[in-house]
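S.K.: This is the structure I want to talk about, given as structure tokens.
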Amino acid sequence: MRFKGNAKVRQFKGKVTESVGKAMGDPSMQRAGRREQLRGKAQEMTRTATDRVRTWTKR
């Protein structure tokens with residue numbers, strides 16, 4: 001199984017950016033944070049699916 005830390009870091013970074021945007025009242029920064037979180041989640045899901053396919057094809 002591959003290291004999945006980058007996806008989690010991206011999600012965390014997005015959450016921080018969204019929170020800062022919310023505190024500053026900056027909607028564009030909030031959107032950027034949400035986008036970053038979604039990218040991290042998509043990256044994590046892609047890696048999970050890839051790992052599952054690889055284990056299925058090794059049988």
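We name chains A, B, ... following the order of the structure tokens; residues begin at 1 in each chain, and ligands are numbered from 1 as shown.
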Excluding Phe12 of chain A and its own-chain neighbours fewer than 3 positions away, which residues fall within 10 Å of it when counting only C-alpha atoms? Please give them as a list in words.
M.R.: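 Within the cut-off, the hits are Asn6, Ala7, Lys8, Val9, Lys15, Val16, Thr17, Glu18, Gly33, Glu36, Gln37 and Gly40 of chain A.
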S.K.: Filtering to C-alpha atoms, could you give me those residues as a PDB file, in the first residue's frame?
M.R.:
ATOM      1  CA  ASN A   6      -0.226  13.875   0.662  1.00  0.00           C
ATOM      2  CA  ALA A   7      -3.985  13.553   0.317  1.00  0.00           C
ATOM      3  CA  LYS A   8      -4.482  14.105   4.044  1.00  0.00           C
ATOM      4  CA  VAL A   9      -2.095  17.068   4.017  1.00  0.00           C
ATOM      5  CA  LYS A  15      -9.523  23.169   5.925  1.00  0.00           C
ATOM      6  CA  VAL A  16      -7.078  25.736   7.311  1.00  0.00           C
ATOM      7  CA  THR A  17      -7.471  27.939   4.221  1.00  0.00           C
ATOM      8  CA  GLU A  18     -11.256  27.707   4.452  1.00  0.00           C
ATOM      9  CA  GLY A  33     -10.042  25.954   0.764  1.00  0.00           C
ATOM     10  CA  GLU A  36      -8.290  21.994  -1.947  1.00  0.00           C
ATOM     11  CA  GLN A  37     -10.146  19.683   0.428  1.00  0.00           C
ATOM     12  CA  GLY A  40      -7.327  15.813  -1.424  1.00  0.00           C
TER      13      GLY A  40
END
S.K.: If DSSP is run on the backbone, what residues of segment 1-38 of chain A are helix (DSSP H, G or I)? A reply as a ChimeraX atom specification would be ideal.
M.R.: /A:5-24,27-38
